[in-house]
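Structure file final-v9.pdb; described as PDB, C-alpha atoms and all ligand atoms.
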ATOM      1  CA  MET A 897      73.845  63.248 100.813  1.00  0.00           C
ATOM      2  CA  ASN A 898      73.743  63.054  97.033  1.00  0.00           C
ATOM      3  CA  ALA A 899      75.741  65.106  94.579  1.00  0.00           C
ATOM      4  CA  SER A 900      72.739  65.794  92.396  1.00  0.00           C
ATOM      5  CA  GLY A 901      71.059  67.556  95.339  1.00  0.00           C
ATOM      6  CA  PHE A 902      73.621  70.310  95.467  1.00  0.00           C
ATOM      7  CA  ASP A 903      73.776  70.233  91.655  1.00  0.00           C
ATOM      8  CA  CYS A 904      70.075  71.147  91.584  1.00  0.00           C
ATOM      9  CA  LEU A 905      70.638  73.984  94.012  1.00  0.00           C
ATOM     10  CA  ALA A 906      73.741  75.442  92.371  1.00  0.00           C
ATOM     11  CA  ARG A 907      72.049  77.802  89.929  1.00  0.00           C
ATOM     12  CA  SER A 908      69.723  79.306  92.495  1.00  0.00           C
ATOM     13  CA  TYR A 909      72.244  79.266  95.371  1.00  0.00           C
ATOM     14  CA  ARG A 910      73.323  82.905  94.955  1.00  0.00           C
ATOM     15  CA  ALA A 911      69.692  84.111  94.948  1.00  0.00           C
ATOM     16  CA  LEU A 912      68.918  81.960  97.995  1.00  0.00           C
ATOM     17  CA  GLU A 913      71.935  83.400  99.786  1.00  0.00           C
ATOM     18  CA  PHE A 914      70.793  86.937  99.047  1.00  0.00           C
ATOM     19  CA  ILE A 915      67.222  86.273 100.222  1.00  0.00           C
ATOM     20  CA  LEU A 916      68.384  84.534 103.403  1.00  0.00           C
ATOM     21  CA  ALA A 917      71.216  86.780 104.480  1.00  0.00           C
ATOM     22  CA  GLY A 918      71.870  89.683 102.095  1.00  0.00           C
ATOM     23  CA  SER A 919      75.602  90.425 102.172  1.00  0.00           C
ATOM     24  CA  MET A 920      76.178  88.777 105.559  1.00  0.00           C
ATOM     25  CA  MET A 921      77.465  85.423 104.316  1.00  0.00           C
ATOM     26  CA  GLN A 922      80.071  87.022 102.068  1.00  0.00           C
ATOM     27  CA  ARG A 923      81.179  89.339 104.875  1.00  0.00           C
ATOM     28  CA  ALA A 924      81.533  86.289 107.130  1.00  0.00           C
ATOM     29  CA  ARG A 925      83.514  84.341 104.493  1.00  0.00           C
ATOM     30  CA  THR A 926      85.989  87.173 103.996  1.00  0.00           C
ATOM     31  CA  ALA A 927      86.093  88.645 107.521  1.00  0.00           C
ATOM     32  CA  HIS A 928      89.613  87.502 108.402  1.00  0.00           C
ATOM     33  CA  LEU A 929      91.413  87.566 105.062  1.00  0.00           C
ATOM     34  CA  ALA A 930      93.119  90.897 105.759  1.00  0.00           C
ATOM     35  CA  SER A 931      94.426  89.678 109.115  1.00  0.00           C
ATOM     36  CA  LEU A 932      96.338  86.659 107.783  1.00  0.00           C
ATOM     37  CA  ALA A 933     100.060  87.096 108.346  1.00  0.00           C
ATOM     38  CA  GLY A 934     102.849  85.241 106.605  1.00  0.00           C
ATOM     39  CA  PRO A 935     103.002  83.646 103.185  1.00  0.00           C
ATOM     40  CA  VAL A 936      99.868  81.967 101.891  1.00  0.00           C
ATOM     41  CA  GLY A 937     101.222  79.612  99.255  1.00  0.00           C
ATOM     42  CA  ARG A 938      98.936  76.600  99.175  1.00  0.00           C
ATOM     43  CA  VAL A 939      95.244  76.932  99.890  1.00  0.00           C
ATOM     44  CA  LEU A 940      92.617  74.207 100.305  1.00  0.00           C
ATOM     45  CA  MET A 941      88.993  75.287  99.822  1.00  0.00           C
ATOM     46  CA  LEU A 942      86.489  72.650 100.927  1.00  0.00           C
ATOM     47  CA  GLY A 943      82.830  72.676  99.854  1.00  0.00           C
ATOM     48  CA  GLU A 944      83.554  75.964  98.126  1.00  0.00           C
ATOM     49  CA  GLY A 945      80.296  75.991  96.155  1.00  0.00           C
ATOM     50  CA  PRO A 946      79.933  78.754  93.535  1.00  0.00           C
ATOM     51  CA  GLY A 947      83.277  80.357  94.339  1.00  0.00           C
ATOM     52  CA  ARG A 948      82.680  83.728  95.976  1.00  0.00           C
ATOM     53  CA  LEU A 949      85.475  83.211  98.520  1.00  0.00           C
ATOM     54  CA  LEU A 950      87.700  81.619  95.873  1.00  0.00           C
ATOM     55  CA  GLU A 951      87.554  84.789  93.782  1.00  0.00           C
ATOM     56  CA  ARG A 952      88.651  86.898  96.760  1.00  0.00           C
ATOM     57  CA  VAL A 953      91.446  84.510  97.778  1.00  0.00           C
ATOM     58  CA  LEU A 954      92.896  84.551  94.262  1.00  0.00           C
ATOM     59  CA  GLN A 955      92.820  88.360  94.239  1.00  0.00           C
ATOM     60  CA  ASP A 956      94.164  88.873  97.761  1.00  0.00           C
ATOM     61  CA  PHE A 957      96.936  86.239  97.515  1.00  0.00           C
ATOM     62  CA  PRO A 958      98.359  86.563  94.001  1.00  0.00           C
ATOM     63  CA  ASP A 959     100.993  83.869  94.628  1.00  0.00           C
ATOM     64  CA  ALA A 960      98.600  81.311  96.082  1.00  0.00           C
ATOM     65  CA  VAL A 961      97.923  77.974  94.422  1.00  0.00           C
ATOM     66  CA  VAL A 962      94.433  76.801  95.309  1.00  0.00           C
ATOM     67  CA  THR A 963      92.857  73.338  95.493  1.00  0.00           C
ATOM     68  CA  VAL A 964      89.068  73.495  95.341  1.00  0.00           C
ATOM     69  CA  VAL A 965      87.197  70.408  96.525  1.00  0.00           C
ATOM     70  CA  ASP A 966      83.453  70.003  96.076  1.00  0.00           C
ATOM     71  CA  GLN A 967      81.281  67.016  95.320  1.00  0.00           C
ATOM     72  CA  SER A 968      78.930  68.974  93.058  1.00  0.00           C
ATOM     73  CA  ALA A 969      79.952  69.225  89.399  1.00  0.00           C
ATOM     74  CA  VAL A 970      77.559  72.119  88.837  1.00  0.00           C
ATOM     75  CA  MET A 971      78.886  74.067  91.831  1.00  0.00           C
ATOM     76  CA  LEU A 972      82.419  73.610  90.441  1.00  0.00           C
ATOM     77  CA  GLN A 973      81.244  74.814  87.020  1.00  0.00           C
ATOM     78  CA  GLN A 974      79.720  77.899  88.612  1.00  0.00           C
ATOM     79  CA  ALA A 975      82.960  78.631  90.453  1.00  0.00           C
ATOM     80  CA  ARG A 976      84.987  78.222  87.259  1.00  0.00           C
ATOM     81  CA  ARG A 977      82.569  80.489  85.378  1.00  0.00           C
ATOM     82  CA  ARG A 978      82.934  83.130  88.093  1.00  0.00           C
ATOM     83  CA  LEU A 979      86.633  83.318  87.250  1.00  0.00           C
ATOM     84  CA  GLY A 980      85.822  83.826  83.567  1.00  0.00           C
ATOM     85  CA  SER A 981      86.537  87.556  83.700  1.00  0.00           C
ATOM     86  CA  PHE A 982      90.136  86.983  84.781  1.00  0.00           C
ATOM     87  CA  PRO A 983      91.114  83.664  83.149  1.00  0.00           C
ATOM     88  CA  GLU A 984      94.826  84.133  83.924  1.00  0.00           C
ATOM     89  CA  VAL A 985      94.127  82.874  87.466  1.00  0.00           C
ATOM     90  CA  LEU A 986      92.807  79.512  86.244  1.00  0.00           C
ATOM     91  CA  ASP A 987      96.365  78.156  86.103  1.00  0.00           C
ATOM     92  CA  ARG A 988      96.540  78.556  89.854  1.00  0.00           C
ATOM     93  CA  VAL A 989      93.436  76.487  90.565  1.00  0.00           C
ATOM     94  CA  GLU A 990      93.108  72.708  90.835  1.00  0.00           C
ATOM     95  CA  TRP A 991      89.529  71.400  90.768  1.00  0.00           C
ATOM     96  CA  ILE A 992      88.622  68.170  92.522  1.00  0.00           C
ATOM     97  CA  GLN A 993      85.114  66.754  92.364  1.00  0.00           C
ATOM     98  CA  VAL A 994      84.794  64.249  95.185  1.00  0.00           C
ATOM     99  CA  ASP A 995      82.777  63.453  98.264  1.00  0.00           C
ATOM    100  CA  LEU A 996      85.168  64.742 100.897  1.00  0.00           C
ATOM    101  CA  ARG A 997      84.351  61.799 103.143  1.00  0.00           C
ATOM    102  CA  HIS A 998      86.191  59.593 100.633  1.00  0.00           C
ATOM    103  CA  TRP A 999      89.083  61.913  99.807  1.00  0.00           C
ATOM    104  CA  VAL A1000      92.622  61.039 100.868  1.00  0.00           C
ATOM    105  CA  PHE A1001      93.904  64.264 102.401  1.00  0.00           C
ATOM    106  CA  PRO A1002      97.531  65.249 101.765  1.00  0.00           C
ATOM    107  CA  VAL A1003      99.545  65.649 104.964  1.00  0.00           C
ATOM    108  CA  HIS A1004     101.112  68.957 106.150  1.00  0.00           C
ATOM    109  CA  ARG A1005     100.552  70.585 102.782  1.00  0.00           C
ATOM    110  CA  TYR A1006      98.427  73.719 103.122  1.00  0.00           C
ATOM    111  CA  ASP A1007      98.955  77.224 104.587  1.00  0.00           C
ATOM    112  CA  LEU A1008      95.241  77.923 104.643  1.00  0.00           C
ATOM    113  CA  VAL A1009      92.035  75.899 104.575  1.00  0.00           C
ATOM    114  CA  SER A1010      88.541  77.342 104.229  1.00  0.00           C
ATOM    115  CA  THR A1011      85.189  75.748 105.050  1.00  0.00           C
ATOM    116  CA  PRO A1012      82.541  78.480 104.845  1.00  0.00           C
ATOM    117  CA  PHE A1013      78.992  77.209 105.405  1.00  0.00           C
ATOM    118  CA  PHE A1014      80.231  73.677 104.901  1.00  0.00           C
ATOM    119  CA  LEU A1015      80.856  71.905 108.226  1.00  0.00           C
ATOM    120  CA  ASP A1016      77.139  72.192 108.960  1.00  0.00           C
ATOM    121  CA  CYS A1017      76.527  69.632 106.180  1.00  0.00           C
ATOM    122  CA  PHE A1018      77.941  66.871 108.396  1.00  0.00           C
ATOM    123  CA  ARG A1019      76.815  64.784 111.340  1.00  0.00           C
ATOM    124  CA  GLN A1020      78.816  64.618 114.573  1.00  0.00           C
ATOM    125  CA  ASP A1021      80.338  61.217 113.693  1.00  0.00           C
ATOM    126  CA  GLU A1022      81.373  62.503 110.249  1.00  0.00           C
ATOM    127  CA  LEU A1023      82.957  65.618 111.760  1.00  0.00           C
ATOM    128  CA  GLU A1024      84.846  63.484 114.265  1.00  0.00           C
ATOM    129  CA  THR A1025      86.617  61.897 111.288  1.00  0.00           C
ATOM    130  CA  LEU A1026      86.855  64.968 109.046  1.00  0.00           C
ATOM    131  CA  VAL A1027      88.172  67.589 111.473  1.00  0.00           C
ATOM    132  CA  PRO A1028      91.384  65.680 112.350  1.00  0.00           C
ATOM    133  CA  GLN A1029      91.911  64.872 108.646  1.00  0.00           C
ATOM    134  CA  ILE A1030      91.577  68.537 107.700  1.00  0.00           C
ATOM    135  CA  THR A1031      93.902  69.574 110.521  1.00  0.00           C
ATOM    136  CA  ARG A1032      96.571  67.064 109.494  1.00  0.00           C
ATOM    137  CA  SER A1033      96.535  68.500 105.968  1.00  0.00           C
ATOM    138  CA  LEU A1034      97.717  71.843 107.392  1.00  0.00           C
ATOM    139  CA  LYS A1035     101.293  72.932 107.989  1.00  0.00           C
ATOM    140  CA  PRO A1036     102.105  74.006 111.567  1.00  0.00           C
ATOM    141  CA  GLY A1037     100.996  77.616 112.006  1.00  0.00           C
ATOM    142  CA  ALA A1038      98.524  77.371 109.104  1.00  0.00           C
ATOM    143  CA  TYR A1039      95.077  78.980 109.189  1.00  0.00           C
ATOM    144  CA  TRP A1040      91.570  77.552 109.074  1.00  0.00           C
ATOM    145  CA  LEU A1041      88.830  80.003 108.091  1.00  0.00           C
ATOM    146  CA  LEU A1042      85.424  78.803 109.100  1.00  0.00           C
ATOM    147  CA  ALA A1043      81.971  80.383 108.878  1.00  0.00           C
ATOM    148  CA  ASP A1044      78.611  78.902 109.772  1.00  0.00           C
ATOM    149  CA  PHE A1045      75.102  79.670 110.874  1.00  0.00           C
ATOM    150  CA  GLN A1046      75.281  79.024 114.601  1.00  0.00           C
ATOM    151  CA  ILE A1047      72.945  78.699 117.595  1.00  0.00           C
ATOM    152  CA  PRO A1048      74.152  81.110 120.280  1.00  0.00           C
ATOM    153  CA  VAL A1049      73.715  80.052 123.900  1.00  0.00           C
ATOM    154  CA  ASN A1050      72.683  83.533 125.023  1.00  0.00           C
ATOM    155  CA  PRO A1051      70.616  85.655 124.972  1.00  0.00           C
ATOM    156  CA  ALA A1052      67.493  83.474 124.812  1.00  0.00           C
ATOM    157  CA  TRP A1053      65.823  85.418 121.982  1.00  0.00           C
ATOM    158  CA  GLN A1054      68.879  84.873 119.748  1.00  0.00           C
ATOM    159  CA  ARG A1055      68.956  81.188 120.638  1.00  0.00           C
ATOM    160  CA  TRP A1056      65.261  80.713 119.810  1.00  0.00           C
ATOM    161  CA  ARG A1057      65.485  82.716 116.611  1.00  0.00           C
ATOM    162  CA  ALA A1058      68.484  80.690 115.442  1.00  0.00           C
ATOM    163  CA  THR A1059      66.821  77.405 116.459  1.00  0.00           C
ATOM    164  CA  LEU A1060      63.792  78.204 114.297  1.00  0.00           C
ATOM    165  CA  LEU A1061      65.978  79.179 111.373  1.00  0.00           C
ATOM    166  CA  HIS A1062      68.043  75.982 111.693  1.00  0.00           C
ATOM    167  CA  HIS A1063      64.855  73.866 111.708  1.00  0.00           C
ATOM    168  CA  ALA A1064      63.747  75.520 108.483  1.00  0.00           C
ATOM    169  CA  MET A1065      67.188  75.339 106.840  1.00  0.00           C
ATOM    170  CA  TYR A1066      67.804  71.690 107.698  1.00  0.00           C
ATOM    171  CA  ALA A1067      64.286  70.699 106.571  1.00  0.00           C
ATOM    172  CA  PHE A1068      64.935  72.461 103.256  1.00  0.00           C
ATOM    173  CA  PHE A1069      68.466  71.147 102.656  1.00  0.00           C
ATOM    174  CA  ARG A1070      67.602  67.596 103.707  1.00  0.00           C
ATOM    175  CA  ARG A1071      64.672  67.542 101.297  1.00  0.00           C
ATOM    176  CA  VAL A1072      66.485  69.156  98.353  1.00  0.00           C
ATOM    177  CA  THR A1073      70.008  67.740  98.716  1.00  0.00           C
ATOM    178  CA  GLY A1074      69.526  64.595 100.795  1.00  0.00           C
ATOM    179  CA  LEU A1075      71.818  66.052 103.481  1.00  0.00           C
ATOM    180  CA  SER A1076      72.464  63.451 106.183  1.00  0.00           C
ATOM    181  CA  ALA A1077      72.917  65.984 109.003  1.00  0.00           C
ATOM    182  CA  SER A1078      69.728  66.972 110.801  1.00  0.00           C
ATOM    183  CA  HIS A1079      71.107  69.654 113.091  1.00  0.00           C
ATOM    184  CA  TRP A1080      74.115  71.913 113.583  1.00  0.00           C
ATOM    185  CA  VAL A1081      77.067  70.514 115.506  1.00  0.00           C
ATOM    186  CA  ASP A1082      79.262  73.117 117.166  1.00  0.00           C
ATOM    187  CA  PRO A1083      82.742  72.167 115.895  1.00  0.00           C
ATOM    188  CA  ASP A1084      84.704  74.103 118.585  1.00  0.00           C
ATOM    189  CA  ILE A1085      85.478  71.081 120.771  1.00  0.00           C
ATOM    190  CA  LEU A1086      86.579  69.005 117.792  1.00  0.00           C
ATOM    191  CA  LEU A1087      88.898  71.746 116.542  1.00  0.00           C
ATOM    192  CA  THR A1088      90.378  72.272 119.982  1.00  0.00           C
ATOM    193  CA  ARG A1089      90.883  68.522 120.359  1.00  0.00           C
ATOM    194  CA  ALA A1090      92.699  68.553 117.005  1.00  0.00           C
ATOM    195  CA  ARG A1091      95.150  71.109 118.446  1.00  0.00           C
ATOM    196  CA  MET A1092      93.713  74.118 116.634  1.00  0.00           C
ATOM    197  CA  LYS A1093      93.643  77.476 118.468  1.00  0.00           C
ATOM    198  CA  ARG A1094      91.000  80.069 117.769  1.00  0.00           C
ATOM    199  CA  THR A1095      92.541  83.490 117.198  1.00  0.00           C
ATOM    200  CA  ARG A1096      89.547  85.488 116.010  1.00  0.00           C
ATOM    201  CA  ARG A1097      85.756  85.280 116.048  1.00  0.00           C
ATOM    202  CA  GLN A1098      83.315  87.727 114.516  1.00  0.00           C
ATOM    203  CA  LEU A1099      79.521  87.507 114.752  1.00  0.00           C
ATOM    204  CA  PHE A1100      77.051  88.693 112.131  1.00  0.00           C
ATOM    205  CA  GLY A1101      73.291  89.271 112.216  1.00  0.00           C
ATOM    206  CA  ALA A1102      73.172  89.556 116.011  1.00  0.00           C
ATOM    207  CA  GLY A1103      74.687  86.133 116.501  1.00  0.00           C
ATOM    208  CA  LEU A1104      73.116  84.283 113.536  1.00  0.00           C
ATOM    209  CA  ILE A1105      76.449  83.680 111.819  1.00  0.00           C
ATOM    210  CA  ARG A1106      79.901  83.150 113.274  1.00  0.00           C
ATOM    211  CA  SER A1107      83.131  83.605 111.374  1.00  0.00           C
ATOM    212  CA  ASP A1108      86.315  82.213 112.907  1.00  0.00           C
ATOM    213  CA  CYS A1109      90.005  82.125 112.243  1.00  0.00           C
ATOM    214  CA  TRP A1110      91.836  79.155 113.824  1.00  0.00           C
ATOM    215  CA  VAL A1111      95.551  78.446 113.718  1.00  0.00           C
ATOM    216  CA  ARG A1112      97.216  75.058 113.730  1.00  0.00           C
ATOM    217  CA  ASP A1113      99.317  74.578 116.812  1.00  0.00           C
ATOM    218  CA  GLY A1114     102.707  72.916 116.845  1.00  0.00           C
ATOM    219  CA  CYS A1115     105.086  75.469 115.324  1.00  0.00           C
TER
HETATM  220  C1  LIG B   1      75.850  74.956 101.828  1.00  0.00           C
HETATM  221  S1  LIG B   1      76.928  74.877 100.455  1.00  0.00           S
HETATM  222  C2  LIG B   1      78.197  76.059 100.908  1.00  0.00           C
HETATM  223  C3  LIG B   1      78.869  76.653  99.697  1.00  0.00           C
HETATM  224  C4  LIG B   1      79.931  77.728  99.985  1.00  0.00           C
HETATM  225  N1  LIG B   1      81.046  77.204 100.754  1.00  0.00           N
HETATM  226  C5  LIG B   1      79.402  78.950 100.655  1.00  0.00           C
HETATM  227  O1  LIG B   1      80.187  79.612 101.338  1.00  0.00           O
HETATM  228  O2  LIG B   1      78.228  79.307 100.449  1.00  0.00           O
HETATM  229  C6  LIG B   1      77.765  73.368 100.745  1.00  0.00           C
HETATM  230  C7  LIG B   1      78.750  73.006  99.642  1.00  0.00           C
HETATM  231  O3  LIG B   1      79.460  71.855 100.057  1.00  0.00           O
HETATM  232  C8  LIG B   1      79.416  70.861  99.042  1.00  0.00           C
HETATM  233  N2  LIG B   1      79.383  69.560  99.735  1.00  0.00           N
HETATM  234  C9  LIG B   1      78.427  69.110 100.566  1.00  0.00           C
HETATM  235  N3  LIG B   1      78.756  67.902 101.040  1.00  0.00           N
HETATM  236  C10 LIG B   1      79.947  67.580 100.494  1.00  0.00           C
HETATM  237  C11 LIG B   1      80.815  66.464 100.599  1.00  0.00           C
HETATM  238  N4  LIG B   1      80.490  65.413 101.349  1.00  0.00           N
HETATM  239  N5  LIG B   1      81.968  66.475  99.913  1.00  0.00           N
HETATM  240  C12 LIG B   1      82.311  67.538  99.129  1.00  0.00           C
HETATM  241  N6  LIG B   1      81.526  68.629  98.991  1.00  0.00           N
HETATM  242  C13 LIG B   1      80.359  68.649  99.650  1.00  0.00           C
HETATM  243  C14 LIG B   1      78.166  71.141  98.245  1.00  0.00           C
HETATM  244  O4  LIG B   1      78.246  70.637  96.937  1.00  0.00           O
HETATM  245  C15 LIG B   1      78.111  72.664  98.305  1.00  0.00           C
HETATM  246  O5  LIG B   1      78.859  73.248  97.262  1.00  0.00           O
END

Structure re-expressed in structure tokens:
Amino acid sequence: MNASGFDCLARSYRALEFILAGSMMQRARTAHLASLAGPVGRVLMLGEGPGRLLERVLQDFPDAVVTVVDQSAVMLQQARRRLGSFPEVLDRVEWIQVDLRHWVFPVHRYDLVSTPFFLDCFRQDELETLVPQITRSLKPGAYWLLADFQIPVNPAWQRWRATLLHHAMYAFFRRVTGLSASHWVDPDILLTRARMKRTRRQLFGAGLIRSDCWVRDGC
């Protein structure tokens, strides 16, 4: 994967999102925000892209301090620009431009991590390293909000429809961004192995998109 790939896509990403899924992706990103209980002090937003979830998190959790990690400089610029209409929140945001595969994760630091439409950028072997690192960065009892285009097992028509869409999406993203992943890896087993417990799941578009809330075990 190369940073310039997602840089190229950043300016048209919002339009692409609208064409592909209308409002569904934003509904999936934000589906569980209202259900989060307890203080949300430190938030880690991984592969946040142009910042639509970031804007909501800053509004919904006025005391939260947010670390945004993305390898694309242009995506980070877009996210920063999105906050232009309420610049007072900028003090609460730390921006880190890095390839997450080379980032040293803090340990037991965050109350909430988000990875909307991000884990699907990675191969199985990359996820096997990343998922435990992300989990270790969470405090016990912390939340992980996760949304992705998925391939449902049943019914067959949903599985075939999603399979076709994934073929098209991966062909596009691999060509434009140099993405190394060639197919979607269901992260459920890896999260469970990392001692995360799923507390909520909501489906959108008749099973095209899943939005999950997981909680870190070990309180
Ligand atoms: C498909 S976009 C998703 C953007 C956003 N999270 C959303 O909800 O639409 C993937 C994002 O992850 C970032 N990204 C991809 N691979 C990355 C990596 N290895 N390290 C850090 N960021 C990465 C891209 O720059 C891009 O902003």

Who sits within 10 Å of stretch 1064-1071 of chain A, all atoms listed in the file, same chain under 2 positions skipped, as a PDB file with C-alpha atoms, keeping the file's coordinate frame:
ATOM      1  CA  MET A 897      73.845  63.248 100.813  1.00  0.00           C
ATOM      2  CA  GLY A 901      71.059  67.556  95.339  1.00  0.00           C
ATOM      3  CA  PHE A 902      73.621  70.310  95.467  1.00  0.00           C
ATOM      4  CA  LEU A 905      70.638  73.984  94.012  1.00  0.00           C
ATOM      5  CA  LEU A 916      68.384  84.534 103.403  1.00  0.00           C
ATOM      6  CA  ASP A1016      77.139  72.192 108.960  1.00  0.00           C
ATOM      7  CA  CYS A1017      76.527  69.632 106.180  1.00  0.00           C
ATOM      8  CA  PHE A1045      75.102  79.670 110.874  1.00  0.00           C
ATOM      9  CA  ALA A1058      68.484  80.690 115.442  1.00  0.00           C
ATOM     10  CA  THR A1059      66.821  77.405 116.459  1.00  0.00           C
ATOM     11  CA  LEU A1060      63.792  78.204 114.297  1.00  0.00           C
ATOM     12  CA  LEU A1061      65.978  79.179 111.373  1.00  0.00           C
ATOM     13  CA  HIS A1062      68.043  75.982 111.693  1.00  0.00           C
ATOM     14  CA  THR A1073      70.008  67.740  98.716  1.00  0.00           C
ATOM     15  CA  GLY A1074      69.526  64.595 100.795  1.00  0.00           C
ATOM     16  CA  LEU A1075      71.818  66.052 103.481  1.00  0.00           C
ATOM     17  CA  SER A1076      72.464  63.451 106.183  1.00  0.00           C
ATOM     18  CA  ALA A1077      72.917  65.984 109.003  1.00  0.00           C
ATOM     19  CA  SER A1078      69.728  66.972 110.801  1.00  0.00           C
ATOM     20  CA  HIS A1079      71.107  69.654 113.091  1.00  0.00           C
ATOM     21  CA  TRP A1080      74.115  71.913 113.583  1.00  0.00           C
TER      22      TRP A1080
END

Could I get the residue neighbourhood of ligand LIG 1 (chain B) at 9 Å, counting all atoms listed in the file, as a ChimeraX atom specification? /A:897-903,905-906,909-910,913,921-922,924-925,941-949,965-972,993-999,1010-1018,1043-1044,1069,1073,1075

One-decimal distance in Å that lies between atom CA of A:Leu1023 and atom CA of A:Leu954: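 Atom CA of A:Leu1023 lies 27.6 Å from atom CA of A:Leu954.
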
Spatial neighbours of A:Ala960, max dist 10 Å, all atoms listed in the file, sep filter under 6 positions, as number ranges by chain: A: 935-939, 953-954, 985, 988-989, 1007-1008

Which residue out of A:Ala911, A:Ala975, A:Leu1041, A:Leu1034 has the minimum interatomic distance to A:Leu929 when only C-alpha atoms are used?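 Of all the options, A:Leu1041 lies closest to A:Leu929.
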
Under the rule of at most 8 Å, produce a per-residue listing of stretch 969-1057 of chain A near stretch 1091-1112 of chain A: chain, number, name, the closest pair of atoms, and the distance in Å, as CSV, using only C-alpha atoms.
residue,atom,partner,partner_atom,distance
A:Thr1031,CA,A:Arg1112,CA,7.2
A:Leu1034,CA,A:Arg1112,CA,7.1
A:Lys1035,CA,A:Arg1112,CA,7.4
A:Pro1036,CA,A:Arg1112,CA,5.4
A:Gly1037,CA,A:Arg1112,CA,4.9
A:Ala1038,CA,A:Arg1112,CA,5.3
A:Tyr1039,CA,A:Val1111,CA,4.6
A:Trp1040,CA,A:Trp1110,CA,5.0
A:Leu1041,CA,A:Cys1109,CA,4.8
A:Leu1042,CA,A:Asp1108,CA,5.2
A:Ala1043,CA,A:Ser1107,CA,4.2
A:Asp1044,CA,A:Ile1105,CA,5.6
A:Phe1045,CA,A:Ile1105,CA,4.3
A:Gln1046,CA,A:Ile1105,CA,5.5
A:Ile1047,CA,A:Leu1104,CA,6.9
A:Pro1048,CA,A:Gly1103,CA,6.3
A:Gln1054,CA,A:Gly1103,CA,6.8

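Restricting the calculation to all atoms listed in the file, the smallest distance between A:Leu932 and any of A:Phe957, A:Phe982, A:Phe1001, A:Trp1056 is found for A:Phe957.
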
What is the distance between atom CA of A:Val964 and atom CA of A:Cys904, in Å to one decimal?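 Atom CA of A:Cys904 lies at a distance of 19.5 Å from atom CA of A:Val964.
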
What's the separation between atom CA of A:Gly980 and atom CA of A:Val961, in Å to one decimal place?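 For atom CA of A:Gly980 relative to atom CA of A:Val961, the distance reads 17.3 Å.
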
Residue with smallest distance to A:Ile1030 - pool A:Leu950, A:Leu940, A:Val1072, A:Ile992, counting all atoms listed in the file: A:Leu940

Generate N, CA, C and O atoms for stretch 994-1004 of chain A and emit them as a CSV table (one decimal), in the coordinates of the input.
chain,number,residue,atom,x,y,z
A,994,VAL,N,84.8,65.5,94.4
A,994,VAL,CA,84.8,64.2,95.2
A,994,VAL,C,83.9,64.5,96.4
A,994,VAL,O,83.8,65.6,96.9
A,995,ASP,N,83.4,63.4,96.9
A,995,ASP,CA,82.8,63.5,98.3
A,995,ASP,C,83.9,63.5,99.3
A,995,ASP,O,84.7,62.5,99.3
A,996,LEU,N,84.0,64.5,100.0
A,996,LEU,CA,85.2,64.7,100.9
A,996,LEU,C,85.4,63.6,101.9
A,996,LEU,O,86.5,63.3,102.3
A,997,ARG,N,84.3,62.9,102.2
A,997,ARG,CA,84.4,61.8,103.1
A,997,ARG,C,85.2,60.6,102.6
A,997,ARG,O,85.6,59.7,103.3
A,998,HIS,N,85.4,60.7,101.3
A,998,HIS,CA,86.2,59.6,100.6
A,998,HIS,C,87.5,60.1,100.1
A,998,HIS,O,88.2,59.4,99.3
A,999,TRP,N,87.9,61.3,100.4
A,999,TRP,CA,89.1,61.9,99.8
A,999,TRP,C,90.3,61.6,100.7
A,999,TRP,O,90.2,61.6,101.9
A,1000,VAL,N,91.4,61.3,100.1
A,1000,VAL,CA,92.6,61.0,100.9
A,1000,VAL,C,93.3,62.4,101.0
A,1000,VAL,O,93.9,62.9,100.0
A,1001,PHE,N,93.3,62.9,102.2
A,1001,PHE,CA,93.9,64.3,102.4
A,1001,PHE,C,95.4,64.2,102.4
A,1001,PHE,O,96.0,63.3,103.0
A,1002,PRO,N,96.1,65.1,101.7
A,1002,PRO,CA,97.5,65.2,101.8
A,1002,PRO,C,97.9,65.6,103.2
A,1002,PRO,O,97.1,66.2,103.9
A,1003,VAL,N,99.1,65.3,103.6
A,1003,VAL,CA,99.5,65.6,105.0
A,1003,VAL,C,100.5,66.9,105.0
A,1003,VAL,O,101.4,67.0,104.1
A,1004,HIS,N,100.2,67.8,105.9
A,1004,HIS,CA,101.1,69.0,106.2
A,1004,HIS,C,101.4,69.7,104.9
A,1004,HIS,O,102.5,70.1,104.6
